[in-house]
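Structure first, then comments.
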Amino acid sequence: MPTKLGNLRALKSRYPALEILAFDDGSVDGTAALIAQDATLVTLVKGDGRNGKAHGMKLLAKRARGRFLIFTDANVLLDTDALTSLDACYADPSVGGVCGSLHYLAAEGTVTAKIGGLYWRLEERIKDLESVSGSVMGADGSIFSIRAELYPDFPDTVLDDFTTSMEVVFRDKRLIKSNNVRAFEQLVSSRSDEYARKIRIAARAFHTHMTCSHKRKNLTLANKFRYFSHKTLRWFGGGFLVIGAVTGIGAITLLNPALGIGTLTVLAAAFYIGLRFQAGTLSSIVEIVIAMIATLTGVFRAIRGQTFATWNPAKSRI
């Protein structure tokens with residue numbers, strides 16, 4: 001938090017008219033007191049217990065006075081030129097929101113961090129292509145912005161950054177990505193932390209997907225394709241993996257039972273070895289499989305009605 005506050009002071013110095021608001025969701029580690037020490041820099045809004053990020057963001061959006069809302073997380077640092085680049089994007093009246101470019105630090109640490117960094121570089125590339133061809137299908141909460149009049153109302157259980165940013169597209173405005181609006185964040189380095197994080201994010205994202213089904217019906221054909229290929233296919237990627245593995249091993253077993261059992265044994269052994277180590281190609285493959293299964297698990301939890309309004313941050317960010 002001291003590093004974050006220093007980053008906010010630099011931004012405030014560069015942009016004196018910037019209004020900064022922060023939501024504290026019942027923290028017990030002194031975070032609120034630390035923020036409150038400099039009331040001239042940040043307006044602190046405290047919740048009445050644990051209500052979750054989505055609840056807090058709605059409170060902040062109601063209090064904000066600017067024409068443009070900028071959202072960022074407590075563990076994210078913004079480049080001091082970010083707001084100048086952001087302002088330039090809004091010169092185009094068709095633009096209703098802007099996704100920034102998130103850069104992960106220490107992406108070559110553990111295999112979990114390495115694969116997380118690789119996944120995010122792919123995600124950034126997809127958003128680049130979506131932005132060039134039309135609109136990005138949802139923003140990440142680390143850094144994005146929308147026009148204030150587009151801010152929607154939503155339940156506390158949804159993924160607020162996904163819901164808020166997609167509202168731009170639902171309202172027939174463009175959600176674009178600017179690589180000049182840069183932000184920096186530490187990666188999660190623990191496999192267990194990342195597994196739990198992916199389950200939570202997938203559950204909240206798919207819950208959001210179901211909640212906004214009536215709005216998705218009005219998307220253009222091009223945006224429906226972007227949404228399906230970027231979001232829906234990824235949510236069920238773990239299912240495709242499981243079906244492919246079971247089908248493949250089943251077919252081999254029908255042709256040659258001994259070979260089928262041997263194949264299953266080799267795959268199980270490879271998976272076990274990949275779990276035991278934090279380096280190498282095999283460990284990286286296992287990390288990808290775990291991520292896909294975690295996402296699928298989150299989707300199934302959402303389908304069963306489980307939601308995650310509150311959570312504790314991962315403690316293993318490098």
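So you can find residues: chains in the structure tokens are A, B, ... in the order shown, residues in each start at 1, and ligands are numbered from 1 in order.
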What are the closest atom pairs, with distances in Å to one decimal, for each residue of stretch 217-280 of chain A lying within 12 Å of stretch 101-125 of chain A, using only C-alpha atoms, rows by chain and rising residue number, as CSV?
residue,atom,partner,partner_atom,distance
A:His230,CA,A:Glu123,CA,9.0
A:Lys231,CA,A:Glu123,CA,10.8
A:Arg234,CA,A:Glu123,CA,11.0
A:Gly274,CA,A:Val111,CA,10.3
A:Leu275,CA,A:Val111,CA,10.6
A:Arg276,CA,A:Val111,CA,11.6
A:Phe277,CA,A:Val111,CA,8.8
A:Gln278,CA,A:Val111,CA,5.4
A:Ala279,CA,A:Val111,CA,5.7
A:Gly280,CA,A:Val111,CA,8.0
Would you mind writing down, as a PyMOL selection string, each residue of stretch 60-261 of chain A that DSSP on the backbone assigns to helix (DSSP H, G or I)? chain A and resi 60-63+82-89+111-133+148-150+160-170+191-211+213-216+221-235+237-255+257-261
Who sits within 10 Å of A:Met57, only C-alpha atoms, same chain under 3 positions skipped, as a list in words: Leu21, Ala22, Phe23, Gly52, Lys53, Ala54, Leu60, Ala61, Lys62, Arg63, Phe71, Asp156, Asp160, Asp161 and Thr164 of chain A
Within 10 Å of stretch 84-89 of chain A, counting only C-alpha atoms, which residues qualify if same-chain residues fewer than 5 places away don't, as a ChimeraX atom specification? /A:14-15,68,70,94-100,144-145,176-182
For the residues in that selection, give me C-alpha atoms as a PDB file, in the first residue's frame.
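Result saved to again.pdb:
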ATOM      1  CA  ARG A  14       0.930  15.150 -12.829  1.00  0.00           C
ATOM      2  CA  TYR A  15      -2.873  15.587 -13.022  1.00  0.00           C
ATOM      3  CA  PHE A  68     -14.637   9.444 -17.062  1.00  0.00           C
ATOM      4  CA  ILE A  70     -10.882   4.928 -14.162  1.00  0.00           C
ATOM      5  CA  SER A  94     -17.591   6.349 -30.563  1.00  0.00           C
ATOM      6  CA  VAL A  95     -15.276   5.152 -27.799  1.00  0.00           C
ATOM      7  CA  GLY A  96     -17.159   4.407 -24.587  1.00  0.00           C
ATOM      8  CA  GLY A  97     -14.383   2.665 -22.695  1.00  0.00           C
ATOM      9  CA  VAL A  98     -10.668   1.908 -22.763  1.00  0.00           C
ATOM     10  CA  CYS A  99      -8.693  -1.143 -21.582  1.00  0.00           C
ATOM     11  CA  GLY A 100      -5.151  -0.504 -20.507  1.00  0.00           C
ATOM     12  CA  PHE A 144      -9.702   0.231 -17.505  1.00  0.00           C
ATOM     13  CA  SER A 145     -11.956   3.230 -17.928  1.00  0.00           C
ATOM     14  CA  ILE A 176     -10.878  -0.331 -27.187  1.00  0.00           C
ATOM     15  CA  LYS A 177      -7.422  -1.230 -25.906  1.00  0.00           C
ATOM     16  CA  SER A 178      -4.578   1.252 -25.655  1.00  0.00           C
ATOM     17  CA  ASN A 179      -1.068  -0.094 -25.186  1.00  0.00           C
ATOM     18  CA  ASN A 180      -0.004   3.394 -24.079  1.00  0.00           C
ATOM     19  CA  VAL A 181      -2.181   3.153 -20.964  1.00  0.00           C
ATOM     20  CA  ARG A 182       0.227   0.950 -19.049  1.00  0.00           C
TER      21      ARG A 182
END
Taking into account only C-alpha atoms, which residue in the set A:Tyr227, A:Leu150, A:Thr208, A:Pro93 is nearest to A:Lys127?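 The shortest atom-to-atom distance to A:Lys127 comes from A:Tyr227.
Shortest atom-to-atom contact with A:Arg200 among A:Gly298, A:Gly56, A:Gly237, A:Gly305: A:Gly298, counting only C-alpha atoms.
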